[in-house]
>>> print(open('upload.csv').read())   # CSV, C-alpha atoms and all ligand atoms
chain,number,residue,atom,x,y,z
A,1,MET,CA,99.6,74.5,136.2
A,2,LYS,CA,99.5,73.1,132.7
A,3,ARG,CA,96.4,75.2,132.0
A,4,TYR,CA,98.2,78.3,133.3
A,5,ILE,CA,101.1,77.7,130.9
A,6,LYS,CA,98.8,77.2,128.0
A,7,ILE,CA,96.9,80.4,128.7
A,8,THR,CA,100.2,82.4,129.1
A,9,CYS,CA,101.5,81.0,125.8
A,10,ALA,CA,98.3,81.8,124.0
A,11,ILE,CA,98.4,85.4,125.3
A,12,ALA,CA,102.1,85.7,124.3
A,13,VAL,CA,101.4,84.5,120.8
A,14,ALA,CA,98.4,86.8,120.5
A,15,ALA,CA,100.5,89.7,121.7
A,16,ALA,CA,103.3,88.9,119.3
A,17,ILE,CA,100.8,88.6,116.4
A,18,SER,CA,99.2,91.9,117.4
A,19,LEU,CA,102.6,93.7,117.5
A,20,PHE,CA,103.6,92.2,114.1
A,21,VAL,CA,100.3,93.3,112.5
A,22,LYS,CA,100.6,96.8,114.1
A,23,SER,CA,104.2,97.1,112.7
A,24,ARG,CA,103.0,96.0,109.2
A,25,TRP,CA,99.7,97.8,109.2
A,26,ASN,CA,100.8,100.8,107.2
A,27,ALA,CA,102.7,98.7,104.7
A,28,TRP,CA,99.7,96.5,104.1
A,29,PHE,CA,96.8,98.9,104.4
A,30,GLY,CA,98.1,102.5,104.7
A,31,ASN,CA,97.5,104.7,101.6
A,32,ILE,CA,99.1,108.1,101.6
A,33,PRO,CA,96.4,110.8,101.4
A,34,GLU,CA,95.7,112.3,98.0
A,35,GLU,CA,95.4,116.1,98.0
A,36,PRO,CA,92.4,117.5,96.1
A,37,TYR,CA,93.2,118.5,92.6
A,38,THR,CA,91.6,119.8,89.4
A,39,ALA,CA,92.3,118.2,86.1
A,40,ALA,CA,93.7,120.7,83.5
A,41,GLU,CA,91.1,122.1,81.0
A,42,ALA,CA,93.4,121.2,78.1
A,43,PRO,CA,94.5,117.8,76.9
A,44,ASP,CA,97.4,116.3,78.8
A,45,ARG,CA,98.7,112.9,79.8
A,46,ILE,CA,98.7,111.8,76.1
A,47,ILE,CA,99.9,108.2,75.8
A,48,LEU,CA,100.4,105.9,72.8
A,49,THR,CA,99.8,102.2,73.5
A,50,PRO,CA,99.8,99.2,71.1
A,51,GLY,CA,96.7,97.1,70.3
A,52,GLU,CA,96.7,93.3,70.2
A,53,GLN,CA,98.2,93.5,66.7
A,54,PHE,CA,101.4,95.5,67.3
A,55,MET,CA,102.1,96.0,63.6
A,56,SER,CA,98.8,97.7,62.7
A,57,GLN,CA,97.0,98.9,65.9
A,58,ARG,CA,97.6,101.8,68.3
A,59,THR,CA,95.5,103.5,70.9
A,60,VAL,CA,95.9,107.2,72.0
A,61,SER,CA,94.5,108.2,75.4
A,62,TRP,CA,94.5,111.6,77.1
A,63,ARG,CA,92.9,113.5,80.0
A,64,CYS,CA,91.1,116.7,79.9
A,65,GLY,CA,89.0,118.4,82.6
A,66,ASP,CA,86.4,116.5,84.7
A,67,THR,CA,83.3,116.4,82.6
A,68,LEU,CA,82.8,114.7,79.3
A,69,GLU,CA,83.0,117.0,76.3
A,70,PRO,CA,83.1,116.3,72.5
A,71,SER,CA,86.6,115.0,71.8
A,72,PHE,CA,88.4,114.0,68.7
A,73,LEU,CA,91.7,112.8,67.3
A,74,THR,CA,93.0,114.0,64.0
A,75,LEU,CA,95.3,111.6,62.2
A,76,THR,CA,97.4,112.6,59.3
A,77,ALA,CA,99.4,110.5,56.9
A,78,ASP,CA,100.8,111.3,53.4
A,79,GLY,CA,99.1,114.7,53.6
A,80,ASP,CA,95.6,113.2,54.2
A,81,SER,CA,93.8,113.8,57.5
A,82,VAL,CA,91.0,112.0,59.1
A,83,THR,CA,89.2,113.1,62.3
A,84,LEU,CA,87.9,110.4,64.7
A,85,GLN,CA,85.5,110.7,67.6
A,86,ALA,CA,86.9,109.7,71.0
A,87,ALA,CA,85.2,107.6,73.7
A,88,GLY,CA,85.3,109.2,77.1
A,89,THR,CA,85.0,108.1,80.7
A,90,VAL,CA,85.0,110.2,83.9
A,91,VAL,CA,87.0,108.6,86.7
A,92,GLU,CA,86.7,109.4,90.4
A,93,SER,CA,89.8,109.2,92.4
A,94,ARG,CA,90.3,110.0,96.1
A,95,GLY,CA,91.5,113.6,95.2
A,96,GLY,CA,89.3,114.6,92.3
A,97,ARG,CA,87.7,113.7,88.9
A,98,ASP,CA,89.4,113.2,85.6
A,99,ALA,CA,87.8,112.8,82.2
A,100,PHE,CA,89.8,110.4,80.1
A,101,TYR,CA,89.5,109.9,76.3
A,102,ARG,CA,90.7,107.3,73.9
A,103,VAL,CA,90.8,106.6,70.2
A,104,SER,CA,91.9,103.2,68.8
A,105,LEU,CA,93.5,103.1,65.4
A,106,ASP,CA,93.3,100.1,63.2
A,107,SER,CA,94.8,99.2,59.8
A,108,LEU,CA,97.9,101.3,60.3
A,109,GLN,CA,100.5,100.6,57.7
A,110,ALA,CA,103.9,99.1,58.4
A,111,GLY,CA,106.7,101.6,58.0
A,112,LYS,CA,104.4,104.6,57.6
A,113,GLU,CA,104.8,107.8,59.6
A,114,TYR,CA,101.6,109.3,61.2
A,115,SER,CA,101.1,112.5,63.0
A,116,TYR,CA,98.2,113.3,65.3
A,117,SER,CA,96.7,115.8,67.6
A,118,VAL,CA,93.8,115.5,70.1
A,119,SER,CA,91.1,117.9,71.0
A,120,THR,CA,88.5,118.2,73.8
A,121,ALA,CA,85.8,121.0,73.8
A,122,GLY,CA,87.8,122.7,71.0
A,123,LYS,CA,91.1,122.8,72.9
A,124,ARG,CA,93.7,121.1,70.8
A,125,SER,CA,97.0,119.5,71.8
A,126,ALA,CA,100.3,119.9,70.1
A,127,ALA,CA,100.9,117.6,67.1
A,128,TYR,CA,102.8,114.3,67.8
A,129,SER,CA,104.0,111.7,65.5
A,130,PHE,CA,104.8,108.0,65.4
A,131,THR,CA,106.2,105.6,62.8
A,132,MET,CA,104.8,102.1,62.5
A,133,PRO,CA,107.5,99.5,62.5
A,134,GLN,CA,108.8,97.8,59.3
A,135,ALA,CA,107.2,94.4,58.9
A,136,ASP,CA,110.1,92.4,57.5
A,137,LEU,CA,113.1,93.3,59.6
A,138,PRO,CA,115.6,90.5,60.0
A,139,GLN,CA,116.1,91.6,63.6
A,140,ARG,CA,113.9,93.4,66.0
A,141,GLN,CA,114.6,95.2,69.3
A,142,PHE,CA,112.7,96.3,72.4
A,143,ILE,CA,113.7,97.9,75.6
A,144,PHE,CA,112.8,96.6,79.1
A,145,PHE,CA,113.1,98.2,82.5
A,146,GLY,CA,111.7,97.4,85.9
A,147,ASP,CA,110.2,99.5,88.7
A,148,VAL,CA,110.8,103.3,88.3
A,149,GLN,CA,109.1,104.7,91.4
A,150,ASP,CA,111.0,108.0,91.2
A,151,GLY,CA,110.7,110.7,93.8
A,152,PHE,CA,110.0,114.3,92.8
A,153,GLY,CA,113.0,115.7,91.1
A,154,GLY,CA,114.7,112.3,90.7
A,155,PRO,CA,116.7,110.9,87.7
A,156,SER,CA,114.0,109.1,85.7
A,157,GLY,CA,113.4,112.0,83.3
A,158,LYS,CA,117.1,112.0,82.4
A,159,TRP,CA,117.1,108.2,82.1
A,160,PHE,CA,114.0,108.1,79.9
A,161,ALA,CA,115.4,110.8,77.6
A,162,LYS,CA,118.7,108.8,77.3
A,163,LEU,CA,116.9,105.6,76.4
A,164,TYR,CA,114.9,107.2,73.7
A,165,ARG,CA,118.0,109.0,72.3
A,166,LYS,CA,120.1,105.8,72.3
A,167,PHE,CA,117.4,103.4,70.9
A,168,PRO,CA,115.0,105.5,68.8
A,169,ASP,CA,114.2,102.5,66.6
A,170,ALA,CA,113.2,100.1,69.3
A,171,ASP,CA,109.7,98.7,68.7
A,172,PHE,CA,108.5,99.5,72.2
A,173,TRP,CA,109.3,100.0,75.8
A,174,ALA,CA,108.3,97.3,78.3
A,175,CYS,CA,108.0,98.0,82.1
A,176,ALA,CA,107.3,95.4,84.8
A,177,GLY,CA,105.1,97.7,86.9
A,178,ASP,CA,105.4,100.4,89.5
A,179,LEU,CA,106.0,103.3,87.2
A,180,VAL,CA,105.0,105.7,89.9
A,181,GLU,CA,105.8,105.8,93.6
A,182,ARG,CA,102.2,106.0,94.7
A,183,PRO,CA,98.9,106.3,92.8
A,184,ILE,CA,98.1,109.9,93.5
A,185,ASP,CA,97.7,112.8,91.2
A,186,ALA,CA,101.0,114.5,92.2
A,187,TYR,CA,103.1,111.4,91.3
A,188,TRP,CA,101.2,110.9,88.1
A,189,ASN,CA,101.9,114.5,87.2
A,190,TYR,CA,105.5,114.0,88.0
A,191,PHE,CA,105.7,110.8,85.9
A,192,TYR,CA,104.2,112.6,82.9
A,193,SER,CA,106.6,115.5,83.3
A,194,THR,CA,109.4,112.9,82.9
A,195,ALA,CA,108.0,110.8,80.1
A,196,ASP,CA,105.2,112.3,78.2
A,197,SER,CA,107.3,113.8,75.4
A,198,ILE,CA,108.4,110.2,74.6
A,199,LEU,CA,105.3,108.2,75.3
A,200,THR,CA,103.3,110.1,72.7
A,201,THR,CA,105.6,108.5,70.2
A,202,MET,CA,107.2,105.3,71.7
A,203,PRO,CA,104.6,102.6,72.5
A,204,LEU,CA,104.6,101.5,76.1
A,205,ILE,CA,103.7,98.0,77.3
A,206,THR,CA,103.5,98.0,81.1
A,207,ALA,CA,102.5,95.6,83.8
A,208,THR,CA,100.7,96.7,86.9
A,209,GLY,CA,102.7,96.8,90.2
A,210,ASN,CA,101.7,97.1,93.8
A,211,HIS,CA,102.4,100.8,93.7
A,212,ASP,CA,99.7,101.2,91.1
A,213,TYR,CA,97.2,99.8,93.5
A,214,LEU,CA,95.4,101.2,96.5
A,215,LYS,CA,96.1,99.2,99.6
A,216,SER,CA,93.4,97.3,101.4
A,217,LEU,CA,92.5,93.8,102.3
A,218,TYR,CA,91.5,93.4,98.7
A,219,PRO,CA,93.7,96.0,96.9
A,220,SER,CA,92.2,97.8,93.9
A,221,ILE,CA,94.0,99.2,90.9
A,222,ASP,CA,94.1,103.0,90.8
A,223,PRO,CA,91.0,103.9,88.8
A,224,ARG,CA,93.0,106.1,86.5
A,225,TRP,CA,95.3,103.2,85.4
A,226,ARG,CA,93.1,101.5,82.9
A,227,HIS,CA,92.1,104.7,81.3
A,228,THR,CA,95.6,106.0,81.0
A,229,PHE,CA,97.2,102.8,79.7
A,230,VAL,CA,94.7,101.4,77.4
A,231,TYR,CA,95.6,97.8,76.4
A,232,PRO,CA,93.7,95.2,74.4
A,233,GLY,CA,90.7,93.6,76.1
A,234,ASN,CA,92.0,90.1,75.6
A,235,GLY,CA,92.8,89.5,79.3
A,236,ALA,CA,91.6,87.2,82.0
A,237,GLU,CA,88.0,87.7,83.0
A,238,THR,CA,89.0,89.2,86.3
A,239,ALA,CA,91.8,91.3,84.9
A,240,MET,CA,90.6,92.9,81.6
A,241,GLY,CA,93.0,95.6,80.5
A,242,ILE,CA,95.6,94.8,83.1
A,243,SER,CA,96.4,91.3,81.9
A,244,TYR,CA,96.8,91.2,78.1
A,245,TYR,CA,98.9,90.0,75.2
A,246,ILE,CA,100.3,91.7,72.2
A,247,ASP,CA,101.4,90.0,69.0
A,248,LEU,CA,104.4,91.0,66.9
A,249,PRO,CA,105.3,89.1,63.7
A,250,ASP,CA,107.3,86.5,65.5
A,251,LEU,CA,106.8,87.2,69.2
A,252,ARG,CA,104.0,87.3,71.7
A,253,ILE,CA,104.4,89.3,74.9
A,254,MET,CA,102.0,88.3,77.7
A,255,VAL,CA,101.5,90.7,80.6
A,256,VAL,CA,100.0,89.3,83.8
A,257,ASP,CA,98.6,91.4,86.6
A,258,THR,CA,99.9,89.7,89.8
A,259,HIS,CA,99.0,92.2,92.5
A,260,GLY,CA,95.3,91.7,91.9
A,261,ILE,CA,95.6,88.0,92.8
A,262,ASN,CA,93.8,87.9,96.1
A,263,ASP,CA,92.2,84.5,96.2
A,264,CYS,CA,91.8,81.2,94.4
A,265,ILE,CA,89.3,82.6,91.9
A,266,THR,CA,91.6,85.4,90.6
A,267,LEU,CA,94.6,83.0,90.6
A,268,THR,CA,92.7,80.4,88.7
A,269,ALA,CA,91.4,82.9,86.1
A,270,ARG,CA,94.9,84.2,85.4
A,271,TYR,CA,96.4,80.8,85.3
A,272,ARG,CA,93.8,79.5,82.8
A,273,TRP,CA,94.1,82.7,80.7
A,274,LEU,CA,97.9,82.5,80.6
A,275,ARG,CA,97.8,78.8,79.7
A,276,LYS,CA,95.5,79.6,76.7
A,277,CYS,CA,97.8,82.5,75.6
A,278,LEU,CA,100.8,80.2,75.7
A,279,LYS,CA,99.1,77.4,73.8
A,280,GLU,CA,98.0,79.8,71.1
A,281,ALA,CA,101.4,81.4,70.8
A,282,GLY,CA,102.6,78.3,69.1
A,283,ASP,CA,106.3,78.5,68.1
A,284,LYS,CA,106.6,82.3,68.4
A,285,TRP,CA,109.1,83.8,70.8
A,286,LYS,CA,107.3,83.9,74.1
A,287,VAL,CA,107.9,86.7,76.6
A,288,VAL,CA,105.9,86.9,79.8
A,289,MET,CA,106.0,90.0,82.0
A,290,TYR,CA,104.6,90.5,85.5
A,291,HIS,CA,105.5,92.4,88.7
A,292,HIS,CA,106.2,89.9,91.6
A,293,PRO,CA,109.2,87.7,90.8
A,294,ALA,CA,108.9,83.9,91.1
A,295,TYR,CA,112.4,83.8,92.5
A,296,SER,CA,113.2,86.5,94.9
A,297,VAL,CA,116.3,88.8,94.9
A,298,ARG,CA,115.8,89.0,98.7
A,299,LYS,CA,115.7,85.7,100.3
A,300,SER,CA,113.2,86.9,102.8
A,301,ARG,CA,110.6,87.5,100.2
A,302,ASN,CA,108.8,84.7,98.4
A,303,ASN,CA,105.9,84.9,95.9
A,304,LEU,CA,105.1,81.2,96.3
A,305,GLN,CA,101.7,81.5,94.4
A,306,ILE,CA,103.6,82.8,91.4
A,307,ARG,CA,106.3,80.2,91.6
A,308,ASN,CA,104.0,77.3,92.2
A,309,THR,CA,101.3,78.3,89.8
A,310,PHE,CA,103.0,80.2,86.9
A,311,VAL,CA,106.4,78.7,86.8
A,312,PRO,CA,105.2,75.2,85.8
A,313,LEU,CA,103.3,76.8,82.9
A,314,LEU,CA,106.3,78.9,81.8
A,315,GLU,CA,108.4,75.8,81.8
A,316,LYS,CA,105.9,73.6,80.1
A,317,TYR,CA,105.2,75.9,77.2
A,318,GLY,CA,108.8,76.9,76.7
A,319,VAL,CA,108.6,80.6,77.5
A,320,HIS,CA,111.9,82.2,76.5
A,321,LEU,CA,112.0,85.3,78.7
A,322,VAL,CA,110.3,86.2,81.9
A,323,LEU,CA,110.5,89.9,82.9
A,324,GLN,CA,109.8,90.7,86.5
A,325,GLY,CA,110.3,93.7,88.9
A,326,HIS,CA,109.3,94.7,92.4
A,327,GLU,CA,112.5,94.0,94.3
A,328,HIS,CA,114.8,96.8,93.3
A,329,GLY,CA,117.7,94.5,92.6
A,330,TYR,CA,118.9,92.6,89.5
A,331,MET,CA,118.8,88.8,89.3
A,332,ARG,CA,118.9,86.3,86.5
A,333,ASN,CA,118.4,82.6,86.7
A,334,ILE,CA,117.6,80.0,84.0
A,335,GLY,CA,114.8,77.4,84.0
A,336,THR,CA,114.9,73.8,82.9
A,337,ARG,CA,114.5,74.0,79.1
A,338,GLY,CA,118.1,74.1,78.0
A,339,ASP,CA,118.9,77.8,78.0
A,340,HIS,CA,115.5,79.1,79.0
A,341,PRO,CA,113.2,80.3,80.4
A,342,VAL,CA,115.5,83.1,81.4
A,343,TYR,CA,114.0,84.7,84.6
A,344,ILE,CA,115.0,88.4,85.0
A,345,VAL,CA,114.3,90.6,88.0
A,346,SER,CA,115.2,94.2,87.5
A,347,TYR,CA,114.6,97.9,88.3
A,348,MET,CA,115.4,101.3,87.0
A,349,SER,CA,114.7,103.3,90.2
A,350,PRO,CA,116.8,105.5,92.5
A,351,LYS,CA,115.7,103.2,95.3
A,352,SER,CA,117.8,100.0,95.7
A,353,TYR,CA,117.0,97.2,98.2
A,354,PRO,CA,119.5,94.6,99.6
A,355,ALA,CA,120.1,91.7,97.4
A,356,ARG,CA,120.9,88.1,98.2
A,357,PRO,CA,124.4,86.8,97.7
A,358,GLU,CA,125.3,85.5,94.2
A,359,SER,CA,125.3,81.8,93.7
A,360,PRO,CA,125.9,79.5,90.8
A,361,GLU,CA,122.2,79.3,90.2
A,362,PHE,CA,121.4,83.0,90.6
A,363,LYS,CA,123.4,85.9,88.9
A,364,VAL,CA,122.8,88.8,91.3
A,365,ILE,CA,123.8,92.5,91.0
A,366,GLY,CA,122.7,94.9,93.7
A,367,ASN,CA,122.7,98.7,93.9
A,368,THR,CA,122.7,99.1,90.1
A,369,PRO,CA,119.5,100.4,88.4
A,370,MET,CA,119.4,99.1,84.9
A,371,TYR,CA,117.8,99.0,81.5
A,372,HIS,CA,117.9,96.2,79.1
A,373,THR,CA,118.0,95.7,75.3
A,374,ILE,CA,116.3,92.6,73.8
A,375,ASP,CA,117.4,91.9,70.2
A,376,TYR,CA,115.9,88.9,68.4
A,377,ASP,CA,115.8,87.3,65.0
A,378,ASN,CA,114.4,83.9,63.9
A,379,PHE,CA,116.9,81.9,65.9
A,380,LYS,CA,118.4,83.8,68.7
A,381,MET,CA,117.5,86.3,71.3
A,382,GLU,CA,120.1,88.5,73.0
A,383,PHE,CA,119.3,89.9,76.4
A,384,ARG,CA,121.7,92.6,77.6
A,385,SER,CA,121.7,94.5,80.9
A,386,TYR,CA,123.2,97.9,81.2
A,387,ALA,CA,123.8,100.1,84.3
A,388,VAL,CA,121.6,103.1,83.6
A,389,GLU,CA,124.0,105.6,85.2
A,390,ASN,CA,126.9,104.9,83.0
A,391,ASP,CA,125.7,102.5,80.2
A,392,SER,CA,128.2,99.8,81.1
A,393,LEU,CA,127.2,96.3,80.0
A,394,VAL,CA,126.9,94.3,83.3
A,395,ASP,CA,125.2,91.1,82.1
A,396,HIS,CA,124.4,89.3,78.8
A,397,VAL,CA,122.6,86.1,78.0
A,398,GLY,CA,121.6,84.5,74.7
A,399,ILE,CA,118.4,82.4,74.3
A,400,SER,CA,118.0,80.0,71.4
A,401,ARG,CA,114.5,79.6,69.9
A,402,LEU,CA,115.1,76.1,68.6
A,403,MET,CA,115.0,74.6,72.1
A,404,THR,CA,111.3,75.4,72.4
A,405,ASP,CA,110.1,72.7,70.1
A,406,SER,CA,112.5,69.9,71.1
A,407,PHE,CA,110.7,69.1,74.4
A,501,FE,FE,106.6,96.6,93.6
>>> encode(input="upload.csv", output="structure tokens", more="lines below")
Ligand SMILES: [Fe+2]
Amino acid sequence: MKRYIKITCAIAVAAAISLFVKSRWNAWFGNIPEEPYTAAEAPDRIILTPGEQFMSQRTVSWRCGDTLEPSFLTLTADGDSVTLQAAGTVVESRGGRDAFYRVSLDSLQAGKEYSYSVSTAGKRSAAYSFTMPQADLPQRQFIFFGDVQDGFGGPSGKWFAKLYRKFPDADFWACAGDLVERPIDAYWNYFYSTADSILTTMPLITATGNHDYLKSLYPSIDPRWRHTFVYPGNGAETAMGISYYIDLPDLRIMVVDTHGINDCITLTARYRWLRKCLKEAGDKWKVVMYHHPAYSVRKSRNNLQIRNTFVPLLEKYGVHLVLQGHEHGYMRNIGTRGDHPVYIVSYMSPKSYPARPESPEFKVIGNTPMYHTIDYDNFKMEFRSYAVENDSLVDHVGISRLMTDSF
């Protein structure tokens, strides 16, 4: 009889597991199909990203056709022009082939305006411009937002335009990942239709999110991602170009790829890399950005590997601000070093998910896509949260820098 009960229980457990796996199969492993496409035979998807040294380095990337052709960037400043040869790569996706190009610019001068155009096989883009930031500003500002994941015809284009209009002098935009709904050409096209007139000028610093990955047992980043968003090659060994850091005069922003953490090897590599970055950052303002939050807006979700691995580092090295996404709700909580680390989860997407109830420990705001301004000087950082629909200030927290060195 006992044996019979045991066998029945085992069958019931196996059936329950099977049903659960079946119900989650699509969420875990199902990629939406990508329709066949042909990349345009003229430069498009032109993006400006910062190099490791924010004040003097930029990279311009673009796409053109599906075979490598002679490609150049022409840079003009003070009436003088220089033409630089681009490096190219052909990328195979599930729907087609894209040739991507990049040119990295060094020794750019603070405060100077540059204009540029790119060309491939003789086909030249429009001219764009950017101005390098002033070096000695008493206060600096950048803009942060979380997941965008807009559907076709959604509000993100209007939101991006407003952000640029309101804060044209911000140093950069930071995004915690999931810029697109799914990594297929149609969504990439849509994203560029909403943002490319801005991202040719405003440097973008973005993390990877799960929607930038193709699902599988070992998810892989969309092959277009690294060639579109070209970041410094100063990342962890297993995450070159998707984990990286960028230095400003008095601030280091460290971006960690969290969706590619599939095993102990990748987790250890990112941990060691982040620890080194934090040590080297010294007494700068320290901002860390990644996709999967250490503390969940939805109680049912937990990213324990992030909380147990990264949080002790963030606390130990006195990180001031932690920017996270993924959960389509807003939450702020504060760590154990006086008034920081300040952990933020946010999103700027038409999709909202249910949020946990507010508590003394966790400031929570649901159903309110937001953007954030971060203003900092030598002593103080001000983090402000605005509802993107009506620009109302919904949260505000100050962070003091002096706390960092007193532990
Ligand atoms: Fe996500």
>>> atom_distance(input="upload.csv", atom1="atom CA of A:His372", atom2="atom CA of A:Val345")
11.1 Å
>>> residues_around(input="upload.csv", residues="A:Gly65", least_positions_apart="5", cutoff="7 Å", atoms="all atoms listed in the file", output="PyMOL selection string")
chain A and resi 39-42+98-99
>>> atom_distance(input="upload.csv", atom1="atom CA of A:Ile334", atom2="atom CA of A:Tyr295")
10.7 Å
>>> residues_near_ligand(input="upload.csv", ligand="ligand FE 501 (chain A)", cutoff="12 Å", atoms="only C-alpha atoms and all ligand atoms", output="PyMOL selection string")
chain A and resi 27+146-149+175-182+207-213+257-259+290-293+301+303+324-329+345-349+351-353
>>> write_last_selection(input="upload.csv", atoms="C-alpha atoms", output="CSV table (one decimal), in the coordinates of the input")
chain,number,residue,atom,x,y,z
A,27,ALA,CA,102.7,98.7,104.7
A,146,GLY,CA,111.7,97.4,85.9
A,147,ASP,CA,110.2,99.5,88.7
A,148,VAL,CA,110.8,103.3,88.3
A,149,GLN,CA,109.1,104.7,91.4
A,175,CYS,CA,108.0,98.0,82.1
A,176,ALA,CA,107.3,95.4,84.8
A,177,GLY,CA,105.1,97.7,86.9
A,178,ASP,CA,105.4,100.4,89.5
A,179,LEU,CA,106.0,103.3,87.2
A,180,VAL,CA,105.0,105.7,89.9
A,181,GLU,CA,105.8,105.8,93.6
A,182,ARG,CA,102.2,106.0,94.7
A,207,ALA,CA,102.5,95.6,83.8
A,208,THR,CA,100.7,96.7,86.9
A,209,GLY,CA,102.7,96.8,90.2
A,210,ASN,CA,101.7,97.1,93.8
A,211,HIS,CA,102.4,100.8,93.7
A,212,ASP,CA,99.7,101.2,91.1
A,213,TYR,CA,97.2,99.8,93.5
A,257,ASP,CA,98.6,91.4,86.6
A,258,THR,CA,99.9,89.7,89.8
A,259,HIS,CA,99.0,92.2,92.5
A,290,TYR,CA,104.6,90.5,85.5
A,291,HIS,CA,105.5,92.4,88.7
A,292,HIS,CA,106.2,89.9,91.6
A,293,PRO,CA,109.2,87.7,90.8
A,301,ARG,CA,110.6,87.5,100.2
A,303,ASN,CA,105.9,84.9,95.9
A,324,GLN,CA,109.8,90.7,86.5
A,325,GLY,CA,110.3,93.7,88.9
A,326,HIS,CA,109.3,94.7,92.4
A,327,GLU,CA,112.5,94.0,94.3
A,328,HIS,CA,114.8,96.8,93.3
A,329,GLY,CA,117.7,94.5,92.6
A,345,VAL,CA,114.3,90.6,88.0
A,346,SER,CA,115.2,94.2,87.5
A,347,TYR,CA,114.6,97.9,88.3
A,348,MET,CA,115.4,101.3,87.0
A,349,SER,CA,114.7,103.3,90.2
A,351,LYS,CA,115.7,103.2,95.3
A,352,SER,CA,117.8,100.0,95.7
A,353,TYR,CA,117.0,97.2,98.2
>>> residues_around(input="upload.csv", residues="stretch 190-206 of chain A", least_positions_apart="4", cutoff="7 Å", atoms="all atoms listed in the file", output="list in words")
Arg45, Ile46, Ile47, Leu48, Thr49, Pro50, Tyr128, Ser129, Phe130, Phe152, Ser156, Gly157, Phe160, Phe172, Trp173, Ala174, Cys175, Ala176, Gly177, Val180 and Ala186 of chain A
>>> atom_distance(input="upload.csv", atom1="atom CA of A:Ile306", atom2="atom CA of A:Gly318")
16.7 Å
>>> closest_residue(input="upload.csv", among="A:Arg124, A:Arg63, A:Arg337, A:Arg58", to="A:Ser104", atoms="only C-alpha atoms")
A:Arg58
>>> closest_residue(input="upload.csv", among="A:Thr83, A:Ser71, A:Asn367, A:Ser119", to="A:Ala355", atoms="all atoms listed in the file")
A:Asn367
>>> residues_near_point(input="upload.csv", point="(114.4, 77.6, 85.0)", cutoff="12 Å", atoms="all atoms listed in the file", output="MDAnalysis selection string")
chainID A and resid 294:295 307 310:316 318:322 332:344 361:362
